[in-house]
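Below is one structure, written out as structure tokens; the observations come after it.
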Number of protein chains: 2
Amino acid sequence: MKTPERRRRPSGRVTLSDVAKAAEVSPITASRALRGERGVAAGLVERVKLAAKNLGYVPDPAARALASQRSAQVPVLVPLLSNALFVDVLEAVHRTLQPHGFQTLIGVTHYDPDQEEQLLSSYLAHRPAGLLLTGFDRTEAARQLVAKSGVPCVHLMELTQASGVYCVGFSQHDAGHDLTEHLVARGRKRIAFVAAQLDPRTMQRAEGYRACLREHGLYDPRLELLSPQPSSMRLGGELFEDLLRTRPDVDAVFFCNDDLAQGGLLTALRLRIDVPGQIAIAGFNDLSGSDLMVPPLTTVRTPRSAMGVASAQMLLSLMRGETPTHNSTDLGFELMVRAST
Amino acid sequence: MKTPERRRRPSGRVTLSDVAKAAEVSPITASRALRGERGVAAGLVERVKLAAKNLGYVPDPAARALASQRSAQVPVLVPLLSNALFVDVLEAVHRTLQPHGFQTLIGVTHYDPDQEEQLLSSYLAHRPAGLLLTGFDRTEAARQLVAKSGVPCVHLMELTQASGVYCVGFSQHDAGHDLTEHLVARGRKRIAFVAAQLDPRTMQRAEGYRACLREHGLYDPRLELLSPQPSSMRLGGELFEDLLRTRPDVDAVFFCNDDLAQGGLLTALRLRIDVPGQIAIAGFNDLSGSDLMVPPLTTVRTPRSAMGVASAQMLLSLMRGETPTHNSTDLGFELMVRAST
DNA sequence: CTGAAAGCGCTTACAG
DNA sequence: CTGAAAGCGCTTACAG
């Protein structure tokens, strides 16, 4: 009788060799059969899959990642979860990657490049299969980290023509420009721009706003109200009141995000300010509730789900080792003209 | 001259042995020093940490998980991300676990027990350090999976006295009861309950509503409007209109969530229905924007961040192998009486 | 088409 | 307090 081995560290787990034994093949063959690698006899594949199912085998992702130097994880780094914008993108990414066996990891940067860099370094240690990042604004160290890792990466929300950089988004500048153009077309002359957070994309919209007003000779820097505070309905209401106090002659407000605009609209309602009679109000993103406001809010509908799906598809293609024909996908935007302007 | 080894699979990664060599100790000692295990000479710890820093060493989580049978991941399973409720909880969990070196993984079940079971089986394969689940309503298989895994687990949002089950939440039943009591105290007689999604917690609030109205002899099942559709502002407006059509004599509505209530309130505004004159409106959760509505919405403030923090702390304690004195933490709730009732 | 050997980068016993 | 050996559960070359 054999004495029990002394050095074992049993985990009670069903392993690949258990499956291999049950199917009467070698672990290598079992591994290949389970991963659907071609070049395994059809009969063996059947046997292995059946054995795996019967034993309730679940591959160990840690062992797999260690052996193959590649996990099935795809970290997605977004600034916030409290903005429905990013939640919609995440849902779409998750929906697209899931059926291909990739696991979406959510990382929140809070608009802080240092936090992003740290997240990146920690996620990269997990040997991710791919990476999804928001925008292009990050530390040089973060950029190096990604480049050196060789992990396929797609950027969300903004566009660039830089070669070797993959991105899916729309022109924030043009969207800001077109919404402003709409206000001008409605005959507005004193159009304010009210923004919070002041992240890169907000500032690109601000540039679009400025460009448009300059084209019409209507630009006045005193009509810009920029707050670095986080965006919220409450802040929108407060900034709207500030604006009314300091610039009582404004006839339109372009809020850089719908939560601000909704707050502004509700404040107008409370103060019995006629919208759009006295003042037109527009927002950005077409978030939930904007079409239900009183009056319904004019805004720009941004392709949130489409960006999630398209960026995930581009990443899938990169992870397969393919070279996409286009490295930049412009998904456009849609002006939603409603009763508030 | 030695021929290069043929079987190497170099990953270009800085490993623990690189650090050990640089610090002139064995890999085991380096490992212990880095993990802060006590029983290593202070001088060595210094040397190892310095070497690690100089080399830019980042431990490989896959190797660590494989060797120790335990990862640093803590999956949190929530029904949705589109409800701010869960986003707030997640933020708080993440904030609490992060400094202890644990990584929060977000899993979304879409209120589907089968999806939850599948997520659980996939996450458990990663040998998580701990687990955070929403509520108690899951498949028997899911329950078994968790129990057999031995992974420490805390439940969120609901309470139970069952022994060996850890939970952090508040009484959904009592909150529903107390809000209804407030409406009764305001002299309302025909109080409707309008709900969507119909998840377990919503139905517990419904029970609280029923109990309260029965106590006052005011219960009328025809005043309940229950829709299995996902909760949203839009749906709230629609259900409110349905209710006005079928039960024109209602004098108060208890919406089971603030998004529904906000939609109802905006619809009332649009239809020029006097709130609270003709009809009182109340919501649940005190989500962003509820205090800014016109009129501001009466609701129940639920301890979202507190639940996130407390559940993460309870889990930290379990992961340390401690046995918490209380296995159930009741965080209570707060009635926010505003102008809509 | 199939398999024996080695290795991925750590940690767990066990010894001293 | 420190270390040599073995092992965690897979996959990657290499051979046949």
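Ligands are numbered from 1 in the order shown, chains are lettered A, B, ... in the order of the structure tokens, and residues start at 1 in each chain.
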>> Residues near Ala142 (chain B), anyone? I mean within 8 Å using only C-alpha atoms (C1' of nucleotides), not counting same-chain ones fewer than 5 positions away, as a ChimeraX atom specification.
In response: /B:116-117,120-121
With only C-alpha atoms (C1' of nucleotides) counted and 10 Å as the cut-off, give the residues of chain C in contact with region 1-14 of chain D, each with its shortest interatomic distance in Å and the pair that gives it, as CSV.
```
residue,atom,partner,partner_atom,distance
C:DA5,C1',D:DC14,C1',9.3
C:DA6,C1',D:DT12,C1',9.0
C:DG7,C1',D:DT12,C1',8.3
C:DC8,C1',D:DT11,C1',8.8
C:DC10,C1',D:DC8,C1',9.1
C:DT11,C1',D:DC8,C1',8.8
C:DT12,C1',D:DG7,C1',8.3
C:DA13,C1',D:DA6,C1',9.2
C:DC14,C1',D:DA5,C1',9.2
C:DA15,C1',D:DG3,C1',9.0
C:DG16,C1',D:DT2,C1',8.9
```
>> Only residues of chain B matter here; which ones have an atom within 8 Å of chain A, counting only C-alpha atoms? Give them as a PyMOL selection string.
In response: chain B and resi 11+58-63+65-66+69+81-82+84+87-88+105-106+122+125-126+233-234+263+266-267+269-270+288-289+292-294
May I have the residues from that selection written out with C-alpha atoms, as a compact mmCIF listing (two decimals), in the first residue's frame?
```txt
# COMPACT_ATOMS: atom_id res chain seq x y z
CA SER B 11 7.76 37.01 -21.37
CA VAL B 58 4.57 44.25 -10.52
CA PRO B 59 3.55 40.85 -9.12
CA ASP B 60 1.79 38.57 -11.57
CA PRO B 61 -1.75 38.13 -10.29
CA ALA B 62 -2.25 34.95 -12.32
CA ALA B 63 0.80 33.26 -10.86
CA ALA B 65 -3.70 33.19 -7.73
CA LEU B 66 -2.53 29.84 -9.07
CA GLN B 69 -5.48 29.34 -4.68
CA LEU B 81 -26.03 49.77 -13.92
CA SER B 82 -28.76 51.99 -15.34
CA ALA B 84 -28.12 55.10 -9.96
CA VAL B 87 -23.82 52.71 -9.13
CA ASP B 88 -23.67 54.46 -5.76
CA LEU B 105 -15.27 43.25 -10.36
CA ILE B 106 -18.67 44.39 -11.52
CA SER B 122 -17.52 32.00 -14.12
CA ALA B 125 -13.49 29.88 -11.31
CA HIS B 126 -11.28 32.91 -10.68
CA MET B 233 -38.99 58.01 -16.13
CA ARG B 234 -40.89 57.38 -19.33
CA GLY B 263 -41.76 60.76 -14.77
CA LEU B 266 -43.33 65.74 -15.07
CA THR B 267 -46.45 64.29 -16.63
CA LEU B 269 -46.81 69.22 -14.76
CA ARG B 270 -47.48 68.82 -18.45
CA SER B 288 -30.42 62.61 -8.06
CA GLY B 289 -32.88 65.26 -9.21
CA LEU B 292 -35.05 69.60 -7.76
CA MET B 293 -38.38 68.56 -9.22
CA VAL B 294 -41.27 71.01 -9.34
```
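Across all paired C-alpha atoms, the best overlay of chain B on chain A gives 0.1 Å RMSD.
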> Using only C-alpha atoms (C1' of nucleotides), which residues sit within 9 Å of Thr202 (chain B) once same-chain residues fewer than 5 positions away are excluded, as JSON, numbers by chain?
Replying inline: {"B": [172, 173, 176, 195, 196, 197, 207, 256, 257]}
> Any idea which chain A residues end up within 7 Å of chain C if we count only C-alpha atoms (C1' of nucleotides), as a PyMOL selection string please?
Replying inline: chain A and resi 26+29+39-41+66-67
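Minimum atom-to-atom distances from A:Thr246, A:Ser340, A:Thr299, A:Thr329 to Phe170 (chain A) were compared using only C-alpha atoms, and the lowest value belongs to A:Thr329.
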>> I need the residues of region 22-253 of chain B that end up classed as strand (DSSP E) by DSSP on the backbone, written out as a VMD selection string.
In response: chain B and resid 73 to 78 103 to 108 131 to 134 153 to 157 166 to 169 191 to 195 224 to 226 252 to 253
>> Could you pull out the alpha helix (DSSP H) residues of region 77-276 of chain A, going by DSSP on the backbone, and write them as a VMD selection string?
In response: chain A and resid 84 to 97 113 to 124 140 to 149 172 to 185 200 to 215 233 to 246 258 to 270
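Going from CA of Leu85 (chain B) to CA of Thr323 (chain B) covers 28.8 Å.
Put simply, CA of Ala23 (chain A) is 10.6 Å away from CA of Gly43 (chain A).
Picture a line from CA of Gly332 (chain B) to CA of Phe136 (chain B); it runs 18.3 Å.
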